[in-house]
file my_file.cif (mmCIF, C-alpha atoms and all ligand atoms)
data_entry
loop_
_atom_site.label_atom_id
_atom_site.label_comp_id
_atom_site.auth_asym_id
_atom_site.auth_seq_id
_atom_site.Cartn_x
_atom_site.Cartn_y
_atom_site.Cartn_z
CA MET A 704 91.81 102.16 84.68
CA THR A 705 91.72 98.72 83.13
CA GLU A 706 88.80 96.37 82.72
CA THR A 707 88.58 92.62 82.43
CA GLY A 708 85.51 90.54 81.75
CA SER A 709 81.84 91.49 81.82
CA THR A 710 79.93 93.49 84.44
CA GLY A 711 76.39 92.78 83.24
CA GLY A 712 73.63 92.30 85.82
CA ARG A 713 75.68 91.36 88.90
CA ARG A 714 76.23 93.18 92.19
CA THR A 715 79.21 95.48 92.28
CA ALA A 716 81.56 96.13 95.19
CA LEU A 717 83.96 99.09 95.39
CA VAL A 718 86.94 98.21 97.60
CA THR A 719 89.72 100.66 98.52
CA GLY A 720 93.18 99.55 99.57
CA ALA A 721 92.62 96.45 97.45
CA GLY A 722 96.28 96.03 96.54
CA SER A 723 97.38 94.39 99.76
CA GLY A 724 96.50 92.75 103.06
CA ILE A 725 92.92 92.99 104.29
CA GLY A 726 91.73 94.91 101.21
CA ARG A 727 93.10 92.27 98.86
CA ALA A 728 91.64 89.40 100.92
CA THR A 729 88.29 91.20 100.97
CA ALA A 730 88.33 91.72 97.22
CA LEU A 731 89.08 88.03 96.64
CA ARG A 732 86.38 86.97 99.13
CA LEU A 733 83.82 89.23 97.45
CA ALA A 734 84.79 87.79 94.06
CA GLU A 735 83.89 84.36 95.52
CA ASP A 736 80.58 85.94 96.59
CA SER A 737 80.03 86.75 92.88
CA TYR A 738 80.47 90.49 93.07
CA ASP A 739 81.91 92.43 90.19
CA LEU A 740 84.71 94.52 91.62
CA VAL A 741 85.98 98.05 91.35
CA LEU A 742 89.35 97.98 93.09
CA VAL A 743 91.10 101.16 94.21
CA ASP A 744 94.69 101.51 95.35
CA ARG A 745 97.56 103.93 94.93
CA ASN A 746 99.84 101.05 93.90
CA LEU A 747 99.27 100.03 90.27
CA GLU A 748 101.15 96.72 90.32
CA ALA A 749 99.57 95.64 93.58
CA VAL A 750 95.99 96.35 92.55
CA GLU A 751 96.52 94.74 89.15
CA ALA A 752 97.84 91.64 90.94
CA THR A 753 94.66 91.48 93.05
CA ALA A 754 92.53 91.94 89.92
CA GLU A 755 94.41 89.15 88.18
CA ARG A 756 93.64 86.77 91.05
CA ALA A 757 90.01 87.89 91.39
CA GLY A 758 89.18 86.86 87.81
CA THR A 759 86.60 88.45 85.56
CA GLY A 760 84.40 91.48 86.11
CA VAL A 761 87.13 93.55 87.71
CA ARG A 762 87.99 97.19 87.12
CA THR A 763 91.01 98.79 88.76
CA ILE A 764 91.58 102.44 89.60
CA VAL A 765 94.93 103.83 90.64
CA ALA A 766 94.12 106.76 92.91
CA ASP A 767 95.78 108.44 95.85
CA LEU A 768 93.24 108.73 98.66
CA SER A 769 95.43 111.17 100.57
CA GLU A 770 93.79 113.66 98.17
CA PRO A 771 90.22 112.59 98.97
CA ALA A 772 88.34 115.01 96.72
CA ALA A 773 90.52 114.39 93.65
CA ALA A 774 90.55 110.61 94.18
CA THR A 775 86.77 110.54 94.62
CA ALA A 776 86.32 112.54 91.41
CA GLN A 777 88.54 110.01 89.64
CA ILE A 778 86.47 107.10 91.00
CA ALA A 779 83.22 108.89 90.11
CA ALA A 780 84.42 109.28 86.54
CA VAL A 781 85.01 105.53 86.25
CA LEU A 782 81.67 104.61 87.84
CA GLY A 783 79.71 107.03 85.68
CA SER A 784 76.04 106.60 86.53
CA GLN A 785 76.67 103.25 88.25
CA THR A 786 76.25 102.97 92.02
CA PRO A 787 78.06 100.09 93.72
CA ASP A 788 75.93 97.77 95.87
CA LEU A 789 78.73 97.61 98.41
CA LEU A 790 81.47 100.06 99.41
CA VAL A 791 84.36 98.76 101.52
CA ASN A 792 86.60 101.54 102.86
CA CYS A 793 89.78 99.64 103.62
CA ALA A 794 92.73 101.80 102.51
CA GLY A 795 94.65 102.98 105.53
CA VAL A 796 97.96 104.39 106.67
CA GLY A 797 99.63 104.85 110.01
CA TRP A 798 102.87 106.01 111.60
CA ALA A 799 104.35 105.31 115.01
CA ALA A 800 104.27 108.74 116.62
CA ASP A 801 103.12 110.16 119.94
CA THR A 802 101.70 113.67 120.20
CA SER A 803 105.03 115.49 120.12
CA GLU A 804 106.32 113.33 117.26
CA THR A 805 103.22 113.78 115.12
CA THR A 806 103.98 116.29 112.38
CA ASP A 807 101.26 118.19 110.54
CA GLU A 808 101.97 115.95 107.58
CA ILE A 809 101.45 112.74 109.58
CA TRP A 810 98.25 114.08 111.13
CA GLU A 811 96.79 115.38 107.88
CA THR A 812 97.71 112.37 105.74
CA THR A 813 96.40 109.91 108.32
CA LEU A 814 93.10 111.75 108.65
CA ALA A 815 92.83 112.21 104.87
CA VAL A 816 93.34 108.55 103.91
CA ASN A 817 91.72 106.83 106.89
CA LEU A 818 88.75 109.14 107.46
CA SER A 819 88.15 111.89 104.89
CA ALA A 820 88.49 109.58 101.89
CA ALA A 821 85.98 107.18 103.46
CA PHE A 822 83.59 110.09 104.02
CA HIS A 823 83.97 111.38 100.45
CA LEU A 824 83.26 107.89 99.12
CA CYS A 825 80.16 107.62 101.31
CA GLN A 826 79.04 110.94 99.85
CA LEU A 827 79.68 109.54 96.38
CA VAL A 828 77.71 106.30 96.73
CA LEU A 829 74.89 107.28 99.11
CA PRO A 830 72.65 109.20 96.69
CA GLY A 831 72.44 106.20 94.35
CA MET A 832 71.99 103.74 97.22
CA LEU A 833 69.23 105.88 98.73
CA ALA A 834 67.50 106.27 95.36
CA ARG A 835 67.17 102.52 94.97
CA ARG A 836 66.81 101.93 98.74
CA ARG A 837 69.57 99.34 98.77
CA GLY A 838 73.24 99.41 99.61
CA VAL A 839 75.83 98.45 102.18
CA ILE A 840 78.93 100.28 103.41
CA VAL A 841 81.64 98.69 105.56
CA SER A 842 84.65 100.65 106.83
CA VAL A 843 87.75 98.97 108.19
CA ALA A 844 88.48 100.75 111.47
CA SER A 845 90.72 99.12 114.09
CA ALA A 846 90.95 98.01 117.69
CA GLY A 847 92.71 101.38 117.92
CA ALA A 848 89.30 103.01 117.50
CA LEU A 849 88.26 101.47 120.82
CA VAL A 850 91.38 101.64 122.96
CA GLY A 851 94.39 103.94 122.99
CA LEU A 852 97.44 102.44 121.28
CA ARG A 853 100.80 103.87 122.26
CA ARG A 854 102.43 106.18 119.67
CA ARG A 855 99.40 105.98 117.38
CA VAL A 856 97.59 109.22 118.20
CA ALA A 857 96.66 110.22 114.64
CA TYR A 858 95.79 106.64 113.74
CA CYS A 859 93.53 106.13 116.76
CA ALA A 860 91.84 109.49 116.15
CA SER A 861 91.18 108.62 112.51
CA LYS A 862 89.78 105.19 113.30
CA ALA A 863 87.58 106.46 116.15
CA GLY A 864 86.36 109.08 113.67
CA LEU A 865 85.33 106.29 111.29
CA LEU A 866 83.14 104.79 114.01
CA GLY A 867 81.50 108.17 114.67
CA MET A 868 80.89 108.63 110.95
CA THR A 869 79.43 105.12 110.70
CA ARG A 870 76.97 105.65 113.55
CA ALA A 871 75.88 109.09 112.34
CA ILE A 872 75.25 107.94 108.76
CA ALA A 873 73.30 104.94 110.08
CA ALA A 874 71.20 107.32 112.20
CA ASP A 875 70.60 109.71 109.31
CA HIS A 876 69.40 106.93 107.03
CA ALA A 877 67.55 104.56 109.33
CA GLY A 878 64.66 103.14 107.34
CA ASP A 879 66.14 104.14 103.98
CA GLY A 880 67.15 100.60 103.02
CA ILE A 881 70.89 101.03 103.45
CA ARG A 882 73.22 99.68 106.13
CA ILE A 883 76.59 100.99 107.26
CA ASN A 884 78.94 99.25 109.69
CA ALA A 885 82.59 99.16 110.68
CA VAL A 886 84.94 96.35 111.61
CA CYS A 887 87.65 96.71 114.24
CA PRO A 888 90.46 94.22 113.62
CA GLY A 889 93.20 93.54 116.12
CA THR A 890 96.69 92.85 114.82
CA VAL A 891 96.46 91.14 111.44
CA ASP A 892 99.45 89.63 109.68
CA THR A 893 99.67 91.77 106.53
CA PRO A 894 102.52 93.50 104.68
CA TRP A 895 101.77 96.53 106.91
CA ILE A 896 103.00 94.58 109.95
CA GLY A 897 106.00 93.32 107.97
CA ARG A 898 107.00 96.92 107.15
CA MET A 899 106.55 97.94 110.77
CA LEU A 900 108.76 95.11 112.01
CA GLU A 901 111.49 95.94 109.49
CA GLY A 902 112.16 99.15 111.41
CA GLU A 903 112.74 97.30 114.70
CA ALA A 904 116.14 96.30 116.10
CA ASP A 905 114.76 92.90 117.15
CA PRO A 906 111.77 92.21 114.88
CA GLU A 907 111.17 88.66 116.15
CA SER A 908 110.73 89.70 119.78
CA VAL A 909 108.44 92.58 118.73
CA ARG A 910 106.41 90.13 116.65
CA GLN A 911 106.10 87.81 119.65
CA ARG A 912 104.95 90.70 121.87
CA MET A 913 102.32 91.64 119.29
CA GLU A 914 101.10 88.05 119.16
CA GLN A 915 101.00 87.66 122.91
CA ARG A 916 98.99 90.84 123.55
CA GLN A 917 96.05 89.15 121.81
CA LEU A 918 94.25 86.59 124.00
CA ASP A 919 94.49 84.04 121.21
CA GLY A 920 98.30 84.40 121.24
CA ARG A 921 98.57 84.96 117.50
CA MET A 922 97.89 87.56 114.85
CA GLY A 923 94.78 87.34 112.72
CA THR A 924 94.90 86.56 109.03
CA PRO A 925 93.51 88.88 106.36
CA ASP A 926 90.98 86.17 105.45
CA GLU A 927 89.64 86.13 109.01
CA VAL A 928 88.66 89.79 108.57
CA ALA A 929 87.49 89.40 104.98
CA ASP A 930 85.11 86.60 105.99
CA TRP A 931 83.32 88.90 108.45
CA ILE A 932 83.16 91.74 105.93
CA SER A 933 81.58 89.30 103.48
CA PHE A 934 79.09 88.08 106.10
CA ILE A 935 77.95 91.47 107.39
CA SER A 936 77.68 92.77 103.82
CA SER A 937 75.37 89.94 102.86
CA ASP A 938 71.68 89.61 103.70
CA ARG A 939 72.68 87.38 106.60
CA GLY A 940 73.99 90.54 108.27
CA ARG A 941 70.71 92.40 107.71
CA PHE A 942 70.03 93.23 111.39
CA MET A 943 73.42 94.88 111.81
CA ASN A 944 73.52 98.64 111.31
CA GLY A 945 75.65 101.46 112.74
CA ALA A 946 77.78 98.87 114.54
CA ALA A 947 81.46 98.30 115.19
CA LEU A 948 82.30 94.61 114.90
CA VAL A 949 85.39 93.67 116.91
CA ILE A 950 87.55 90.97 115.28
CA ASP A 951 90.66 91.08 117.41
CA GLY A 952 91.48 87.67 118.89
CA GLY A 953 90.64 89.13 122.30
CA LEU A 954 93.01 92.12 122.13
CA THR A 955 90.47 94.53 123.63
CA ALA A 956 88.77 91.98 125.90
CA VAL A 957 91.19 92.54 128.77
N1 LIG A 1001 97.13 94.88 109.75
C1 LIG A 1001 96.59 95.18 110.91
O1 LIG A 1001 97.05 94.74 111.98
C2 LIG A 1001 95.38 96.07 110.97
C3 LIG A 1001 94.69 96.14 112.18
C4 LIG A 1001 93.56 96.94 112.28
C5 LIG A 1001 93.14 97.67 111.19
N2 LIG A 1001 93.83 97.59 110.04
C6 LIG A 1001 93.35 98.41 108.92
O2 LIG A 1001 93.11 97.59 107.81
C7 LIG A 1001 93.30 98.36 106.62
C8 LIG A 1001 94.23 97.59 105.70
O3 LIG A 1001 95.46 97.39 106.38
P1 LIG A 1001 96.51 96.27 105.95
O4 LIG A 1001 97.13 95.79 107.18
O5 LIG A 1001 95.86 95.34 105.01
O6 LIG A 1001 97.59 97.20 105.22
P2 LIG A 1001 98.44 97.03 103.88
O7 LIG A 1001 99.50 98.08 103.99
O8 LIG A 1001 98.81 95.62 103.66
O9 LIG A 1001 97.40 97.47 102.75
C9 LIG A 1001 96.95 98.80 102.66
C10 LIG A 1001 96.62 99.11 101.21
O10 LIG A 1001 96.11 100.46 101.18
C11 LIG A 1001 96.74 101.14 100.10
N3 LIG A 1001 96.83 102.57 100.39
C12 LIG A 1001 97.54 103.16 101.39
N4 LIG A 1001 97.47 104.48 101.26
C13 LIG A 1001 96.73 104.74 100.16
C14 LIG A 1001 96.34 105.93 99.50
N5 LIG A 1001 96.74 107.14 99.92
N6 LIG A 1001 95.56 105.84 98.41
C15 LIG A 1001 95.17 104.62 97.94
N7 LIG A 1001 95.54 103.46 98.51
C16 LIG A 1001 96.30 103.52 99.61
C17 LIG A 1001 98.15 100.53 100.03
O11 LIG A 1001 98.75 100.74 98.75
C18 LIG A 1001 97.87 99.07 100.32
O12 LIG A 1001 97.60 98.32 99.14
C19 LIG A 1001 93.84 99.72 107.07
O13 LIG A 1001 92.79 100.64 107.09
C20 LIG A 1001 94.35 99.44 108.47
O14 LIG A 1001 94.31 100.58 109.27
C21 LIG A 1001 94.94 96.81 109.89
#

call {"tool": "encode", "arguments": {"input": "my_file.cif", "output": "structure tokens", "more": "lines below"}}
Ligand SMILES: NC(=O)c1ccc[n+]([C@@H]2O[C@H](COP(=O)([O-])OP(=O)(O)OC[C@H]3O[C@@H](n4cnc5c(N)ncnc54)[C@H](O)[C@@H]3O)[C@@H](O)[C@H]2O)c1
result
Amino acid sequence: MTETGSTGGRRTALVTGAGSGIGRATALRLAEDSYDLVLVDRNLEAVEATAERAGTGVRTIVADLSEPAAATAQIAAVLGSQTPDLLVNCAGVGWAADTSETTDEIWETTLAVNLSAAFHLCQLVLPGMLARRRGVIVSVASAGALVGLRRRVAYCASKAGLLGMTRAIAADHAGDGIRINAVCPGTVDTPWIGRMLEGEADPESVRQRMEQRQLDGRMGTPDEVADWISFISSDRGRFMNGAALVIDGGLTAV
């Protein structure tokens, strides 16, 4: 864990998967919103690079969320008695595999990072949020939580699970002063997509297919998701609770 700058008196956001893509864009957007940041990622260099760009009031934690209980204990130790005002569950993993291709390891790791870690972190922050009757949680699900994506069975199950978790926590704590929502991005141009395309024989034609399956004919940018996370986390999003916000350039509209 490293710390830069002061954390006195400002709102704090805990963001997982902050070393890359949507998590990094969200961290930088929340820094513009004047949050102090606690950034979690398994990749030291990547999360330090985000922290460097975010400026002051940033703490970084290198933790592996595929071990949700251990990672949560590590994060709890850094937070001490502090409760973040905002938790963004963004870290995620996925493999291209249909049911017969999905090994126990793929299934368990996907569920651990994408769903169980988010749940453990909700368990970590909720008591403090409920005690002061204020707090917001946003989880980054996926269009794959709403529709079936080919060869993504573990991924779709984990992201649909996030939506179920979001709705149930919202129901349990209606009237307690906290809000919890999810966002469902379509295909967003992040290093994740770059890695996926590297494995293809003809990456350019696969990229074009991915762009064309969205009504807008292009991939989203990480900032286009981060902007919505910022908005629904703010007081302007105050009437939104237990919801799944679709940000997919029309991918699931047809
Ligand atoms: N890119 C897309 O098209 C897209 C679409 C829908 C949803 N999403 C979701 O958005 C989130 C971010 O995706 P992205 O595209 O920015 O990916 P990315 O690969 O660019 O970033 C993911 C980050 O999560 C971190 N991470 C992965 N496993 C971890 C672990 N076990 N412990 C701690 N950190 C871990 C990685 O180190 C990385 O910094 C994911 O949950 C993903 O499912 C992405």

call {"tool": "closest_atom_pairs", "arguments": {"input": "my_file.cif", "of": "chain A", "to": "ligand LIG 1001 (chain A)", "cutoff": "8 Å", "atoms": "all atoms listed in the file", "output": "Markdown table"}}
result
| residue | atom | partner | partner_atom | distance |
| --- | --- | --- | --- | --- |
| A:Thr719 | CA | A:LIG1001 | N7 | 6.5 |
| A:Gly720 | CA | A:LIG1001 | O10 | 3.5 |
| A:Ala721 | CA | A:LIG1001 | O12 | 5.6 |
| A:Gly722 | CA | A:LIG1001 | O12 | 3.7 |
| A:Ser723 | CA | A:LIG1001 | O12 | 4.0 |
| A:Gly724 | CA | A:LIG1001 | O5 | 3.3 |
| A:Ile725 | CA | A:LIG1001 | O5 | 3.8 |
| A:Gly726 | CA | A:LIG1001 | O5 | 5.6 |
| A:Arg727 | CA | A:LIG1001 | O5 | 7.4 |
| A:Val743 | CA | A:LIG1001 | C15 | 6.5 |
| A:Asp744 | CA | A:LIG1001 | N7 | 3.8 |
| A:Arg745 | CA | A:LIG1001 | C15 | 3.9 |
| A:Asn746 | CA | A:LIG1001 | O11 | 5.0 |
| A:Ala749 | CA | A:LIG1001 | O12 | 6.5 |
| A:Val750 | CA | A:LIG1001 | O12 | 7.1 |
| A:Val765 | CA | A:LIG1001 | C15 | 7.3 |
| A:Ala766 | CA | A:LIG1001 | C15 | 5.6 |
| A:Asp767 | CA | A:LIG1001 | N6 | 3.7 |
| A:Leu768 | CA | A:LIG1001 | N6 | 3.7 |
| A:Ser769 | CA | A:LIG1001 | N5 | 4.3 |
| A:Glu770 | CA | A:LIG1001 | N5 | 7.4 |
| A:Asn792 | CA | A:LIG1001 | O13 | 7.6 |
| A:Cys793 | CA | A:LIG1001 | O13 | 4.7 |
| A:Ala794 | CA | A:LIG1001 | O10 | 3.9 |
| A:Gly795 | CA | A:LIG1001 | O13 | 3.4 |
| A:Val796 | CA | A:LIG1001 | N4 | 5.4 |
| A:Gly797 | CA | A:LIG1001 | O14 | 6.9 |
| A:Thr812 | CA | A:LIG1001 | N5 | 7.9 |
| A:Val816 | CA | A:LIG1001 | N5 | 5.4 |
| A:Asn817 | CA | A:LIG1001 | O13 | 6.3 |
| A:Val843 | CA | A:LIG1001 | O13 | 5.4 |
| A:Ala844 | CA | A:LIG1001 | C5 | 5.6 |
| A:Ser845 | CA | A:LIG1001 | C4 | 4.0 |
| A:Ala846 | CA | A:LIG1001 | C4 | 6.1 |
| A:Gly847 | CA | A:LIG1001 | C4 | 7.2 |
| A:Tyr858 | CA | A:LIG1001 | O14 | 7.7 |
| A:Lys862 | CA | A:LIG1001 | O14 | 7.6 |
| A:Cys887 | CA | A:LIG1001 | C4 | 6.2 |
| A:Pro888 | CA | A:LIG1001 | C4 | 4.3 |
| A:Gly889 | CA | A:LIG1001 | C3 | 5.0 |
| A:Thr890 | CA | A:LIG1001 | O1 | 3.4 |
| A:Val891 | CA | A:LIG1001 | O1 | 3.7 |
| A:Asp892 | CA | A:LIG1001 | N1 | 5.7 |
| A:Thr893 | CA | A:LIG1001 | O4 | 4.8 |
| A:Pro894 | CA | A:LIG1001 | O8 | 4.4 |
| A:Trp895 | CA | A:LIG1001 | O7 | 4.0 |
| A:Ile896 | CA | A:LIG1001 | N1 | 5.9 |
| A:Met922 | CA | A:LIG1001 | O1 | 7.8 |
| A:Gly923 | CA | A:LIG1001 | O1 | 7.8 |
| A:Pro925 | CA | A:LIG1001 | O5 | 7.0 |

call {"tool": "atom_distance", "arguments": {"input": "my_file.cif", "atom1": "CA of Gly760 in chain A", "atom2": "CA of Leu731 in chain A"}}
result
12.0 Å

call {"tool": "residues_around", "arguments": {"input": "my_file.cif", "residues": "range 929-945 of chain A", "least_positions_apart": "4", "cutoff": "9 Å", "atoms": "all atoms listed in the file", "output": "JSON, numbers by chain"}}
result
{"A": [725, 726, 727, 728, 729, 730, 731, 732, 733, 736, 789, 791, 839, 840, 841, 843, 866, 869, 870, 871, 872, 873, 874, 877, 881, 882, 883, 884, 885, 886, 924, 925, 950]}

call {"tool": "residues_near_point", "arguments": {"input": "my_file.cif", "point": "(84.7, 110.9, 100.9)", "cutoff": "10 Å", "atoms": "only C-alpha atoms", "output": "list of chain:residue names"}}
result
A:Leu768, A:Glu770, A:Pro771, A:Ala772, A:Ala773, A:Ala774, A:Thr775, A:Ala776, A:Asn792, A:Ala815, A:Val816, A:Leu818, A:Ser819, A:Ala820, A:Ala821, A:Phe822, A:His823, A:Leu824, A:Cys825, A:Gln826, A:Leu827, A:Val828

call {"tool": "atom_distance", "arguments": {"input": "my_file.cif", "atom1": "CA of Leu717 in chain A", "atom2": "CA of Glu735 in chain A"}}
result
14.7 Å

call {"tool": "closest_residue", "arguments": {"input": "my_file.cif", "among": "A:Arg854, A:Arg921, A:Arg714, A:His876", "to": "Ala734 in chain A", "atoms": "all atoms listed in the file"}}
result
A:Arg714

call {"tool": "atom_distance", "arguments": {"input": "my_file.cif", "atom1": "CA of Glu755 in chain A", "atom2": "CA of Leu742 in chain A"}}
result
11.3 Å

call {"tool": "closest_residue", "arguments": {"input": "my_file.cif", "among": "A:Ala857, A:Met832, A:Ala946, A:Leu918", "to": "Trp810 in chain A", "atoms": "only C-alpha atoms"}}
result
A:Ala857

call {"tool": "closest_residue", "arguments": {"input": "my_file.cif", "among": "A:Leu865, A:Val850, A:Glu811, A:Glu903", "to": "Ala956 in chain A", "atoms": "only C-alpha atoms"}}
result
A:Val850
